[in-house]
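Colleague: Dropping in target_2.cif, which is mmCIF, C-alpha atoms:
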data_target
loop_
_atom_site.label_atom_id
_atom_site.label_comp_id
_atom_site.auth_asym_id
_atom_site.auth_seq_id
_atom_site.Cartn_x
_atom_site.Cartn_y
_atom_site.Cartn_z
CA MET A 1 -66.05 38.86 -47.85
CA THR A 2 -65.30 35.33 -46.85
CA THR A 3 -63.49 33.99 -49.86
CA VAL A 4 -61.08 31.13 -49.19
CA THR A 5 -58.38 29.99 -51.58
CA ASN A 6 -59.99 27.33 -53.82
CA PRO A 7 -62.92 27.07 -51.40
CA CYS A 8 -64.90 24.22 -52.97
CA CYS A 9 -61.94 21.91 -53.29
CA THR A 10 -60.62 22.81 -49.87
CA ARG A 11 -63.98 22.39 -48.18
CA ARG A 12 -64.64 19.03 -49.86
CA GLN A 13 -61.29 17.77 -48.65
CA MET A 14 -61.86 19.04 -45.14
CA LEU A 15 -65.35 17.53 -44.93
CA ALA A 16 -64.03 14.20 -46.13
CA MET A 17 -61.30 14.24 -43.49
CA GLY A 18 -63.73 15.27 -40.76
CA LEU A 19 -66.33 12.66 -41.64
CA ALA A 20 -63.73 9.93 -41.66
CA GLY A 21 -62.57 10.98 -38.20
CA ALA A 22 -66.08 11.04 -36.78
CA GLY A 23 -67.25 7.63 -37.86
CA ALA A 24 -68.78 8.83 -41.17
CA LEU A 25 -71.95 10.28 -39.66
CA SER A 26 -73.62 12.75 -42.01
CA ALA A 27 -74.33 16.31 -40.92
CA PRO A 28 -78.12 15.72 -40.90
CA GLU A 29 -77.62 12.66 -38.67
CA LEU A 30 -75.46 14.66 -36.27
CA PHE A 31 -78.02 17.47 -36.06
CA ALA A 32 -80.75 14.91 -35.45
CA GLN A 33 -78.75 13.37 -32.60
CA GLY A 34 -77.93 16.67 -30.93
CA ALA A 35 -80.91 18.89 -31.60
CA ALA A 36 -79.83 21.62 -29.20
CA ALA A 37 -80.65 25.21 -30.06
CA PRO A 38 -77.88 27.15 -31.79
CA ILE A 39 -75.56 29.30 -29.71
CA THR A 40 -76.63 32.95 -29.76
CA LYS A 41 -75.06 36.20 -28.59
CA PRO A 42 -76.67 39.59 -27.86
CA ILE A 43 -76.32 42.77 -29.86
CA PRO A 44 -75.02 45.16 -27.15
CA SER A 45 -77.09 48.17 -28.25
CA SER A 46 -80.42 46.32 -28.08
CA GLY A 47 -80.08 42.91 -26.44
CA GLN A 48 -81.44 41.15 -29.53
CA ARG A 49 -79.72 37.79 -29.85
CA LEU A 50 -78.20 36.45 -33.06
CA PRO A 51 -77.04 32.92 -33.89
CA VAL A 52 -73.26 32.99 -33.97
CA ILE A 53 -72.91 31.45 -37.44
CA GLY A 54 -74.35 33.29 -40.44
CA ILE A 55 -73.38 33.27 -44.11
CA GLY A 56 -71.35 35.47 -46.44
CA THR A 57 -72.63 35.76 -50.00
CA ASN A 58 -69.97 37.39 -52.16
CA ALA A 59 -69.72 34.17 -54.20
CA PHE A 60 -73.47 33.97 -54.96
CA ARG A 61 -74.07 33.67 -58.73
CA GLU A 62 -77.31 33.43 -60.73
CA SER A 63 -76.09 30.28 -62.44
CA GLU A 64 -76.34 28.61 -59.02
CA LEU A 65 -79.80 29.93 -58.15
CA ALA A 66 -81.51 26.60 -57.43
CA ASN A 67 -78.60 25.45 -55.30
CA LEU A 68 -78.42 28.76 -53.43
CA ARG A 69 -82.13 28.53 -52.66
CA ALA A 70 -81.42 25.18 -50.98
CA VAL A 71 -78.45 26.75 -49.15
CA LEU A 72 -80.47 29.57 -47.55
CA ASP A 73 -83.41 27.29 -46.83
CA ARG A 74 -81.14 24.84 -45.02
CA MET A 75 -79.34 27.57 -43.09
CA VAL A 76 -82.61 28.89 -41.68
CA GLU A 77 -83.81 25.34 -40.98
CA LEU A 78 -80.69 24.76 -38.88
CA GLY A 79 -81.16 27.98 -36.91
CA GLY A 80 -78.96 30.45 -38.78
CA SER A 81 -80.25 33.92 -39.61
CA VAL A 82 -77.51 36.44 -40.52
CA ILE A 83 -77.14 36.93 -44.29
CA ASP A 84 -74.34 39.33 -45.21
CA THR A 85 -74.22 40.91 -48.67
CA ALA A 86 -73.25 44.17 -50.37
CA ALA A 87 -74.23 46.28 -53.34
CA SER A 88 -70.81 45.52 -54.83
CA TYR A 89 -71.17 41.71 -54.67
CA GLY A 90 -72.34 41.28 -58.25
CA ARG A 91 -75.99 40.16 -58.24
CA SER A 92 -75.88 38.80 -54.70
CA GLU A 93 -78.56 41.20 -53.43
CA GLN A 94 -80.95 40.28 -56.26
CA ILE A 95 -80.42 36.57 -55.68
CA ILE A 96 -81.00 36.90 -51.93
CA GLY A 97 -84.08 39.06 -52.43
CA GLN A 98 -85.61 36.55 -54.83
CA ILE A 99 -84.88 33.54 -52.64
CA VAL A 100 -86.01 35.14 -49.39
CA ALA A 101 -89.27 36.20 -51.04
CA GLU A 102 -89.87 32.79 -52.61
CA LEU A 103 -89.18 30.96 -49.35
CA GLY A 104 -91.19 33.46 -47.29
CA ILE A 105 -88.42 33.78 -44.69
CA ARG A 106 -87.96 37.55 -44.43
CA ASN A 107 -89.00 37.54 -40.76
CA GLN A 108 -86.59 34.70 -40.01
CA VAL A 109 -83.42 36.28 -41.39
CA PHE A 110 -81.20 39.17 -40.37
CA LEU A 111 -80.38 40.99 -43.61
CA SER A 112 -77.14 42.97 -43.66
CA THR A 113 -75.91 44.92 -46.66
CA LYS A 114 -73.34 47.62 -47.29
CA LEU A 115 -73.46 51.17 -48.56
CA VAL A 116 -71.09 52.26 -51.31
CA GLY A 117 -72.56 55.72 -52.01
CA GLU A 118 -75.57 57.91 -51.35
CA ASP A 119 -77.65 56.31 -54.12
CA SER A 120 -76.91 52.66 -53.48
CA PHE A 121 -79.33 52.11 -50.56
CA ASN A 122 -82.55 52.51 -52.55
CA ARG A 123 -81.22 50.08 -55.14
CA SER A 124 -80.32 47.63 -52.38
CA LEU A 125 -83.86 47.72 -50.98
CA GLU A 126 -85.29 47.09 -54.44
CA ARG A 127 -82.94 44.20 -55.08
CA LEU A 128 -83.55 42.67 -51.65
CA ARG A 129 -87.33 43.10 -52.10
CA THR A 130 -87.80 44.65 -48.69
CA ASP A 131 -88.68 48.03 -47.20
CA HIS A 132 -85.94 47.83 -44.58
CA VAL A 133 -82.71 46.04 -43.74
CA ASP A 134 -81.62 44.89 -40.33
CA LEU A 135 -78.11 46.27 -40.73
CA LEU A 136 -76.64 48.82 -43.13
CA GLN A 137 -72.87 49.33 -43.02
CA VAL A 138 -70.44 51.67 -44.74
CA HIS A 139 -68.35 49.40 -46.94
CA ASN A 140 -64.60 49.36 -46.24
CA LEU A 141 -64.84 52.70 -44.40
CA GLU A 142 -65.37 54.55 -47.69
CA GLY A 143 -66.98 57.92 -47.04
CA VAL A 144 -68.02 57.38 -43.42
CA GLU A 145 -68.07 61.11 -42.66
CA THR A 146 -70.34 61.86 -45.63
CA LEU A 147 -72.62 58.85 -45.35
CA TRP A 148 -73.14 58.70 -41.59
CA PRO A 149 -75.82 61.44 -41.44
CA LEU A 150 -77.77 59.47 -44.05
CA LEU A 151 -77.57 56.29 -41.99
CA MET A 152 -78.88 58.18 -38.97
CA LYS A 153 -81.78 59.58 -41.00
CA TRP A 154 -82.69 56.18 -42.42
CA LYS A 155 -82.45 54.59 -38.99
CA GLN A 156 -84.81 57.19 -37.52
CA ALA A 157 -87.22 56.53 -40.39
CA GLY A 158 -87.21 52.78 -39.70
CA ARG A 159 -85.54 51.84 -42.96
CA ILE A 160 -82.59 50.31 -41.12
CA ARG A 161 -82.43 48.85 -37.63
CA TYR A 162 -78.70 48.99 -36.97
CA THR A 163 -75.75 50.94 -38.36
CA GLY A 164 -72.21 49.82 -38.93
CA MET A 165 -68.93 50.03 -40.81
CA THR A 166 -66.73 47.32 -42.27
CA THR A 167 -63.23 46.37 -43.28
CA SER A 168 -61.48 43.16 -44.24
CA TYR A 169 -58.01 44.70 -44.49
CA PRO A 170 -55.62 44.81 -41.50
CA PRO A 171 -54.03 48.07 -42.72
CA GLN A 172 -57.41 49.75 -42.15
CA HIS A 173 -57.67 48.72 -38.50
CA GLU A 174 -56.12 51.92 -37.17
CA ARG A 175 -58.57 54.01 -39.19
CA MET A 176 -61.48 51.85 -38.04
CA ALA A 177 -60.49 52.28 -34.40
CA GLN A 178 -60.44 56.05 -34.88
CA LEU A 179 -63.93 56.02 -36.42
CA MET A 180 -65.25 53.72 -33.70
CA ARG A 181 -64.30 56.37 -31.16
CA GLU A 182 -66.02 59.13 -33.15
CA TYR A 183 -69.33 57.57 -34.24
CA PRO A 184 -72.22 55.84 -32.37
CA VAL A 185 -71.84 52.54 -34.21
CA ASP A 186 -74.11 49.54 -33.51
CA PHE A 187 -71.95 47.05 -35.45
CA ILE A 188 -68.52 46.72 -36.90
CA GLU A 189 -67.47 44.04 -39.35
CA VAL A 190 -63.79 43.15 -39.32
CA ASP A 191 -61.45 40.42 -40.57
CA TYR A 192 -60.63 38.00 -37.78
CA SER A 193 -59.52 34.36 -37.79
CA ILE A 194 -57.06 32.05 -36.09
CA GLY A 195 -54.62 32.92 -38.89
CA ASP A 196 -55.34 36.67 -38.77
CA ARG A 197 -55.45 37.83 -35.18
CA ASP A 198 -54.54 41.48 -35.71
CA ALA A 199 -58.08 42.69 -34.85
CA ALA A 200 -57.63 41.26 -31.35
CA ARG A 201 -54.99 43.90 -30.59
CA THR A 202 -57.25 46.96 -30.54
CA ILE A 203 -60.45 46.54 -32.59
CA LEU A 204 -62.10 43.78 -30.57
CA PRO A 205 -61.28 45.23 -27.11
CA LEU A 206 -62.48 48.65 -28.29
CA ALA A 207 -65.74 47.14 -29.55
CA GLN A 208 -66.29 45.57 -26.14
CA ALA A 209 -65.53 48.83 -24.35
CA ARG A 210 -67.88 50.80 -26.59
CA ARG A 211 -70.57 48.11 -26.61
CA MET A 212 -70.52 47.47 -30.34
CA ALA A 213 -71.55 44.20 -31.95
CA VAL A 214 -68.87 42.49 -34.05
CA ILE A 215 -69.33 40.48 -37.23
CA ALA A 216 -66.12 38.60 -37.99
CA ASP A 217 -65.54 38.28 -41.71
CA VAL A 218 -63.14 35.92 -43.51
CA PRO A 219 -63.20 33.59 -40.45
CA LEU A 220 -61.58 30.77 -42.39
CA GLY A 221 -58.61 32.99 -43.17
CA GLY A 222 -58.07 35.70 -45.72
CA ARG A 223 -55.87 38.63 -46.60
CA GLY A 224 -54.20 38.93 -43.21
CA GLY A 225 -52.74 35.46 -42.72
CA PRO A 226 -52.85 31.71 -43.46
CA ASN A 227 -56.26 30.22 -44.27
CA LEU A 228 -58.05 26.89 -44.17
CA ALA A 229 -55.97 25.55 -47.05
CA ALA A 230 -52.80 25.91 -44.97
CA VAL A 231 -53.88 23.13 -42.59
CA ARG A 232 -56.09 20.96 -44.78
CA ASP A 233 -53.62 18.06 -44.68
CA GLN A 234 -52.79 18.44 -40.98
CA PRO A 235 -54.41 16.51 -38.13
CA LEU A 236 -56.84 18.23 -35.82
CA PRO A 237 -55.52 18.87 -32.31
CA PRO A 238 -56.62 16.11 -29.92
CA PHE A 239 -58.63 18.57 -27.84
CA ALA A 240 -60.89 19.46 -30.80
CA ALA A 241 -63.14 16.55 -29.84
CA GLU A 242 -63.79 18.17 -26.45
CA ILE A 243 -65.86 20.89 -28.14
CA GLY A 244 -67.31 18.69 -30.90
CA ALA A 245 -65.24 20.13 -33.77
CA ARG A 246 -65.07 17.47 -36.46
CA ASP A 247 -62.93 19.30 -39.03
CA TRP A 248 -60.70 22.34 -39.34
CA ALA A 249 -63.48 24.59 -40.65
CA GLN A 250 -65.60 23.92 -37.56
CA LEU A 251 -62.67 24.38 -35.22
CA MET A 252 -61.71 27.69 -36.85
CA LEU A 253 -65.28 28.97 -36.64
CA LYS A 254 -65.62 27.94 -33.00
CA TYR A 255 -62.38 29.77 -32.24
CA VAL A 256 -63.65 32.98 -33.88
CA VAL A 257 -67.05 33.10 -32.19
CA SER A 258 -65.61 32.17 -28.81
CA HIS A 259 -63.90 35.56 -28.59
CA PRO A 260 -65.93 37.57 -26.05
CA ALA A 261 -66.23 40.55 -28.41
CA VAL A 262 -67.49 38.59 -31.45
CA THR A 263 -71.25 38.49 -31.93
CA CYS A 264 -71.31 36.30 -35.04
CA THR A 265 -69.30 35.30 -38.09
CA ILE A 266 -70.14 34.92 -41.78
CA PRO A 267 -68.27 32.09 -43.53
CA GLY A 268 -68.95 31.93 -47.25
CA GLY A 269 -71.04 29.00 -48.41
CA THR A 270 -72.46 27.97 -51.78
CA ARG A 271 -73.24 24.31 -51.05
CA VAL A 272 -75.68 22.76 -48.60
CA SER A 273 -72.84 20.63 -47.23
CA HIS A 274 -70.87 23.82 -46.46
CA VAL A 275 -73.81 25.31 -44.57
CA GLU A 276 -74.45 22.14 -42.60
CA ASP A 277 -70.81 21.93 -41.61
CA ASP A 278 -70.65 25.61 -40.66
CA GLN A 279 -73.91 25.63 -38.72
CA GLN A 280 -72.77 22.63 -36.70
CA ALA A 281 -69.94 24.83 -35.40
CA GLY A 282 -72.61 27.06 -33.85
CA HIS A 283 -73.93 24.26 -31.66
CA GLY A 284 -72.52 22.59 -28.57
CA ARG A 285 -69.46 23.93 -26.77
CA LEU A 286 -67.06 26.74 -27.62
CA PRO A 287 -63.40 26.87 -26.54
CA ASP A 288 -62.68 28.64 -23.27
CA ALA A 289 -59.73 31.01 -22.82
CA ALA A 290 -57.32 28.19 -22.02
CA MET A 291 -58.33 26.16 -25.07
CA ARG A 292 -58.09 29.25 -27.27
CA ARG A 293 -54.45 29.65 -26.21
CA ARG A 294 -53.76 25.96 -26.86
CA LEU A 295 -55.31 26.25 -30.32
CA GLU A 296 -53.28 29.35 -31.16
CA GLN A 297 -50.09 27.55 -30.16
CA TYR A 298 -51.04 24.45 -32.16
CA TRP A 299 -51.93 26.54 -35.21
CA ASP A 300 -48.73 28.59 -35.04
CA ARG A 301 -46.62 25.43 -34.96
CA LEU A 302 -48.44 24.06 -38.02
CA VAL A 303 -48.09 27.17 -40.16
CA GLY A 304 -44.47 27.77 -39.21
CA GLY A 305 -44.64 30.63 -36.75
CA PRO A 306 -46.96 32.93 -34.86
CA GLY A 307 -49.57 34.93 -36.69
CA PRO A 308 -50.60 38.44 -35.73
CA ALA A 309 -51.90 38.41 -32.15
#
Represent the structure from my file as structure tokens, please.
Modeller:
Amino acid sequence: MTTVTNPCCTRRQMLAMGLAGAGALSAPELFAQGAAAPITKPIPSSGQRLPVIGIGTNAFRESELANLRAVLDRMVELGGSVIDTAASYGRSEQIIGQIVAELGIRNQVFLSTKLVGEDSFNRSLERLRTDHVDLLQVHNLEGVETLWPLLMKWKQAGRIRYTGMTTSYPPQHERMAQLMREYPVDFIEVDYSIGDRDAARTILPLAQARRMAVIADVPLGGRGGPNLAAVRDQPLPPFAAEIGARDWAQLMLKYVVSHPAVTCTIPGGTRVSHVEDDQQAGHGRLPDAAMRRRLEQYWDRLVGGPGPA
């Protein structure tokens, strides 16, 4: 759920710009120099802590299997753990299941998938090659009322650890808020980025009030506003260096996970260089409230006006 317009081209351009501005140090060199542990945040319902940068997998394809194996291996090596997929993401679940089994990293990752009907969960477990998932969510709020009793049953049986519901569409935010008030949700997944701030109106404050974890999807911009491509040719704000953001992707990710309600985010990544760049955003400093406001103002000037706030 983290597709960005022309992501490979855009990301290559952004990495090139960032590396040039940082003295051409490679991501591995930077991690070696600053080997601090990744930033983590707690799941409110349990206290379990998650690294703030995970990975979205809707672009995983079997033709890229060897490369994707290197992607997930590197993510875990750098301290990431959240892998977000769905039964509707083509063969993403099968690919993840195969790679996780081959690498022997099931106990090191936080597997999250999505339910699209009563029968899809058993298929998901088979594809993921596991007897349980860490998080099962109702996809795009479809059938919450019907499916929720099943989630509760599977949670009690130990087949899932946490329950949730998702959307990546701003028009669904009102409906999500209503369901958040009605159901004992552990997690929500919602679209949120510097270019799509609508969730900050009601969804994120409500999640805080009801002690729900938040996975931010499409953090590099998506359906609700301008994305990474909108600023790829623009200079970073001078204050980006204060929090160690070397390119726009890192700065956008740091903005998202610095929101007090956000537990983690799941940028899409199909290249090791993407994962290294993203995971670096989960180290070091995050913007405080004052810097978040400065970044919003800077962004809004670049894209020609304020986004949803």
Colleague: Of the candidates A:Lys153, A:Arg210, A:Arg285, A:Arg161, which shows the shortest atom-to-atom distance to His132 (chain A), using all atoms listed in the file?
Modeller: A:Arg161
Colleague: Just give me the gap between CA of Ala157 (chain A) and CA of Val133 (chain A) in Å, one decimal is fine.
Modeller: 11.9 Å
Colleague: Calculate how many Å separate CA of Ser193 (chain A) from CA of Asp277 (chain A), rounding to one decimal.
Modeller: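 Value for the CA of Ser193 (chain A)-CA of Asp277 (chain A) distance: 17.2 Å.
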Colleague: Expanded to explicit residues, what is the PyMOL selection byres ((chain A and resi 52) around 7) for this file, as a VMD selection string?
Modeller: chain A and resid 39 to 41 50 to 51 53 to 54 257 263 to 265 282
Colleague: Now that the selection is made, can you save its residues with C-alpha atoms as an mmCIF file, keeping the file's coordinate frame?
Modeller:
data_model
loop_
_atom_site.group_PDB
_atom_site.id
_atom_site.type_symbol
_atom_site.label_atom_id
_atom_site.label_comp_id
_atom_site.auth_asym_id
_atom_site.auth_seq_id
_atom_site.Cartn_x
_atom_site.Cartn_y
_atom_site.Cartn_z
ATOM 1 C CA ILE A 39 -75.560 29.300 -29.710
ATOM 2 C CA THR A 40 -76.630 32.950 -29.760
ATOM 3 C CA LYS A 41 -75.060 36.200 -28.590
ATOM 4 C CA LEU A 50 -78.200 36.450 -33.060
ATOM 5 C CA PRO A 51 -77.040 32.920 -33.890
ATOM 6 C CA ILE A 53 -72.910 31.450 -37.440
ATOM 7 C CA GLY A 54 -74.350 33.290 -40.440
ATOM 8 C CA VAL A 257 -67.050 33.100 -32.190
ATOM 9 C CA THR A 263 -71.250 38.490 -31.930
ATOM 10 C CA CYS A 264 -71.310 36.300 -35.040
ATOM 11 C CA THR A 265 -69.300 35.300 -38.090
ATOM 12 C CA GLY A 282 -72.610 27.060 -33.850
#
Colleague: Please provide as a PyMOL selection string all residues within 8 Å of Glu276 (chain A), with the sequence filter that same-chain residues fewer than 2 positions apart are discarded (counting all atoms listed in the file).
Modeller: chain A and resi 27-28+74-75+78+272-274+278-280
Colleague: Counting all atoms listed in the file, which of A:Ser46, A:Thr130, A:Thr146, A:Ser258 gets nearest to Met291 (chain A)?
Modeller: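 Closest candidate: A:Ser258.
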Colleague: Pick the closest to Asn227 (chain A) from A:Ile203, A:Leu286, A:Val116, A:Leu302: which is it, counting all atoms listed in the file?
Modeller: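 Checking each of A:Ile203, A:Leu286, A:Val116, A:Leu302 against Asn227 (chain A), counting all atoms listed in the file, the winner is A:Leu302.
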Colleague: Considering only C-alpha atoms, can you say which of A:Asp300, A:Asp84, A:Ile99, A:Glu189 comes closest to Asn67 (chain A)?
Modeller: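 Of A:Asp300, A:Asp84, A:Ile99, A:Glu189, the one nearest Asn67 (chain A), counting only C-alpha atoms, is A:Ile99.
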Colleague: Measuring atom to atom with all atoms listed in the file, identify which of A:Arg69, A:Arg159, A:Lys254, A:Arg211 is nearest to Leu295 (chain A).
Modeller: A:Lys254
Colleague: Around region 146-150 of chain A, with edges along x, y and z and 3 Å added on all six sides, what centre and edge lengths do you get, in Å to one decimal, as lines of an AutoDock Vina configuration file?
Modeller:
center_x = -74.1
center_y = 60.3
center_z = -43.5
size_x = 13.4
size_y = 9.2
size_z = 10.2
Colleague: Restricting the calculation to only C-alpha atoms, which member of A:Ala59, A:Leu251, A:Leu236, A:Met152 is positioned closest to Tyr89 (chain A)?
Modeller: A:Ala59
Colleague: Hey, what comes out of the PyMOL selection byres ((chain A and resi 163) around 6) on this file? Could you write it as an MDAnalysis selection string?
Modeller: chainID A and resid 135:137 162 164 185:186
Colleague: Please, could you write that set of residues out with C-alpha atoms as a PDB file, keeping the file's coordinate frame?
Modeller:
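What ended up in again03.pdb:
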ATOM      1  CA  LEU A 135     -78.110  46.270 -40.730  1.00  0.00           C
ATOM      2  CA  LEU A 136     -76.640  48.820 -43.130  1.00  0.00           C
ATOM      3  CA  GLN A 137     -72.870  49.330 -43.020  1.00  0.00           C
ATOM      4  CA  TYR A 162     -78.700  48.990 -36.970  1.00  0.00           C
ATOM      5  CA  GLY A 164     -72.210  49.820 -38.930  1.00  0.00           C
ATOM      6  CA  VAL A 185     -71.840  52.540 -34.210  1.00  0.00           C
ATOM      7  CA  ASP A 186     -74.110  49.540 -33.510  1.00  0.00           C
TER       8      ASP A 186
END
Colleague: Just say which residues the PyMOL selection byres ((chain A and resi 241) around 12) picks in this file, as a PDB file with C-alpha atoms, in the coordinates of the input.
Modeller:
ATOM      1  CA  GLY A  18     -63.730  15.270 -40.760  1.00  0.00           C
ATOM      2  CA  GLY A  21     -62.570  10.980 -38.200  1.00  0.00           C
ATOM      3  CA  ALA A  22     -66.080  11.040 -36.780  1.00  0.00           C
ATOM      4  CA  LEU A 236     -56.840  18.230 -35.820  1.00  0.00           C
ATOM      5  CA  PRO A 237     -55.520  18.870 -32.310  1.00  0.00           C
ATOM      6  CA  PRO A 238     -56.620  16.110 -29.920  1.00  0.00           C
ATOM      7  CA  PHE A 239     -58.630  18.570 -27.840  1.00  0.00           C
ATOM      8  CA  ALA A 240     -60.890  19.460 -30.800  1.00  0.00           C
ATOM      9  CA  GLU A 242     -63.790  18.170 -26.450  1.00  0.00           C
ATOM     10  CA  ILE A 243     -65.860  20.890 -28.140  1.00  0.00           C
ATOM     11  CA  GLY A 244     -67.310  18.690 -30.900  1.00  0.00           C
ATOM     12  CA  ALA A 245     -65.240  20.130 -33.770  1.00  0.00           C
ATOM     13  CA  ARG A 246     -65.070  17.470 -36.460  1.00  0.00           C
ATOM     14  CA  ASP A 247     -62.930  19.300 -39.030  1.00  0.00           C
ATOM     15  CA  TRP A 248     -60.700  22.340 -39.340  1.00  0.00           C
ATOM     16  CA  GLN A 250     -65.600  23.920 -37.560  1.00  0.00           C
ATOM     17  CA  LEU A 251     -62.670  24.380 -35.220  1.00  0.00           C
ATOM     18  CA  GLY A 284     -72.520  22.590 -28.570  1.00  0.00           C
ATOM     19  CA  ARG A 285     -69.460  23.930 -26.770  1.00  0.00           C
ATOM     20  CA  LEU A 286     -67.060  26.740 -27.620  1.00  0.00           C
ATOM     21  CA  PRO A 287     -63.400  26.870 -26.540  1.00  0.00           C
ATOM     22  CA  MET A 291     -58.330  26.160 -25.070  1.00  0.00           C
TER      23      MET A 291
END
Colleague: Residues at most 9 Å from Tyr192 (chain A), counting all atoms listed in the file, excluding those fewer than 6 positions away in the same chain, as a short mmCIF file (atom, residue, chain, number, x, y, z; two decimals) with C-alpha atoms, in the frame of the given file?
Modeller:
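The resulting file, part_14.cif, is shown below:
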data_model
loop_
_atom_site.label_atom_id
_atom_site.label_comp_id
_atom_site.auth_asym_id
_atom_site.auth_seq_id
_atom_site.Cartn_x
_atom_site.Cartn_y
_atom_site.Cartn_z
CA SER A 168 -61.48 43.16 -44.24
CA ASP A 198 -54.54 41.48 -35.71
CA ALA A 199 -58.08 42.69 -34.85
CA ALA A 200 -57.63 41.26 -31.35
CA ALA A 216 -66.12 38.60 -37.99
CA ASP A 217 -65.54 38.28 -41.71
CA VAL A 218 -63.14 35.92 -43.51
CA PRO A 219 -63.20 33.59 -40.45
CA LEU A 220 -61.58 30.77 -42.39
CA GLY A 221 -58.61 32.99 -43.17
CA GLY A 222 -58.07 35.70 -45.72
CA GLY A 224 -54.20 38.93 -43.21
CA VAL A 256 -63.65 32.98 -33.88
#
Colleague: Rounded to one decimal in Å, what is the spacing between CA of Gln208 (chain A) and CA of Leu141 (chain A)?
Modeller: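 So the two atoms, CA of Gln208 (chain A) and CA of Leu141 (chain A), lie 19.7 Å apart.
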Colleague: Counting only C-alpha atoms, I want the residues whose atoms come within 9 Å of (-66.4, 51.1, -47.9) in the file frame, returned as a PDB file with C-alpha atoms, in the frame of the given file.
Modeller:
ATOM      1  CA  LYS A 114     -73.340  47.620 -47.290  1.00  0.00           C
ATOM      2  CA  LEU A 115     -73.460  51.170 -48.560  1.00  0.00           C
ATOM      3  CA  VAL A 116     -71.090  52.260 -51.310  1.00  0.00           C
ATOM      4  CA  GLY A 117     -72.560  55.720 -52.010  1.00  0.00           C
ATOM      5  CA  GLN A 137     -72.870  49.330 -43.020  1.00  0.00           C
ATOM      6  CA  VAL A 138     -70.440  51.670 -44.740  1.00  0.00           C
ATOM      7  CA  HIS A 139     -68.350  49.400 -46.940  1.00  0.00           C
ATOM      8  CA  ASN A 140     -64.600  49.360 -46.240  1.00  0.00           C
ATOM      9  CA  LEU A 141     -64.840  52.700 -44.400  1.00  0.00           C
ATOM     10  CA  GLU A 142     -65.370  54.550 -47.690  1.00  0.00           C
ATOM     11  CA  GLY A 143     -66.980  57.920 -47.040  1.00  0.00           C
ATOM     12  CA  VAL A 144     -68.020  57.380 -43.420  1.00  0.00           C
ATOM     13  CA  MET A 165     -68.930  50.030 -40.810  1.00  0.00           C
ATOM     14  CA  THR A 166     -66.730  47.320 -42.270  1.00  0.00           C
ATOM     15  CA  THR A 167     -63.230  46.370 -43.280  1.00  0.00           C
TER      16      THR A 167
END
Colleague: Near Arg293 (chain A), within 12 Å and counting all atoms listed in the file, which residues show up once chain neighbours fewer than 3 positions away are dropped, as a ChimeraX atom specification?
Modeller: /A:194,239,255,258-259,287-290,296-300,306,309
Colleague: Give me a file of those residues, with C-alpha atoms, as a PDB file, keeping the file's coordinate frame.
Modeller:
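Result file is selection38.pdb:
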ATOM      1  CA  ILE A 194     -57.060  32.050 -36.090  1.00  0.00           C
ATOM      2  CA  PHE A 239     -58.630  18.570 -27.840  1.00  0.00           C
ATOM      3  CA  TYR A 255     -62.380  29.770 -32.240  1.00  0.00           C
ATOM      4  CA  SER A 258     -65.610  32.170 -28.810  1.00  0.00           C
ATOM      5  CA  HIS A 259     -63.900  35.560 -28.590  1.00  0.00           C
ATOM      6  CA  PRO A 287     -63.400  26.870 -26.540  1.00  0.00           C
ATOM      7  CA  ASP A 288     -62.680  28.640 -23.270  1.00  0.00           C
ATOM      8  CA  ALA A 289     -59.730  31.010 -22.820  1.00  0.00           C
ATOM      9  CA  ALA A 290     -57.320  28.190 -22.020  1.00  0.00           C
ATOM     10  CA  GLU A 296     -53.280  29.350 -31.160  1.00  0.00           C
ATOM     11  CA  GLN A 297     -50.090  27.550 -30.160  1.00  0.00           C
ATOM     12  CA  TYR A 298     -51.040  24.450 -32.160  1.00  0.00           C
ATOM     13  CA  TRP A 299     -51.930  26.540 -35.210  1.00  0.00           C
ATOM     14  CA  ASP A 300     -48.730  28.590 -35.040  1.00  0.00           C
ATOM     15  CA  PRO A 306     -46.960  32.930 -34.860  1.00  0.00           C
ATOM     16  CA  ALA A 309     -51.900  38.410 -32.150  1.00  0.00           C
TER      17      ALA A 309
END
Colleague: Excluding Glu93 (chain A) and any residue of its chain fewer than 4 positions from it, enumerate the residues within 7 Å of it, using all atoms listed in the file, and give them as number ranges by chain.
Modeller: A: 85-87, 97, 124, 127-128
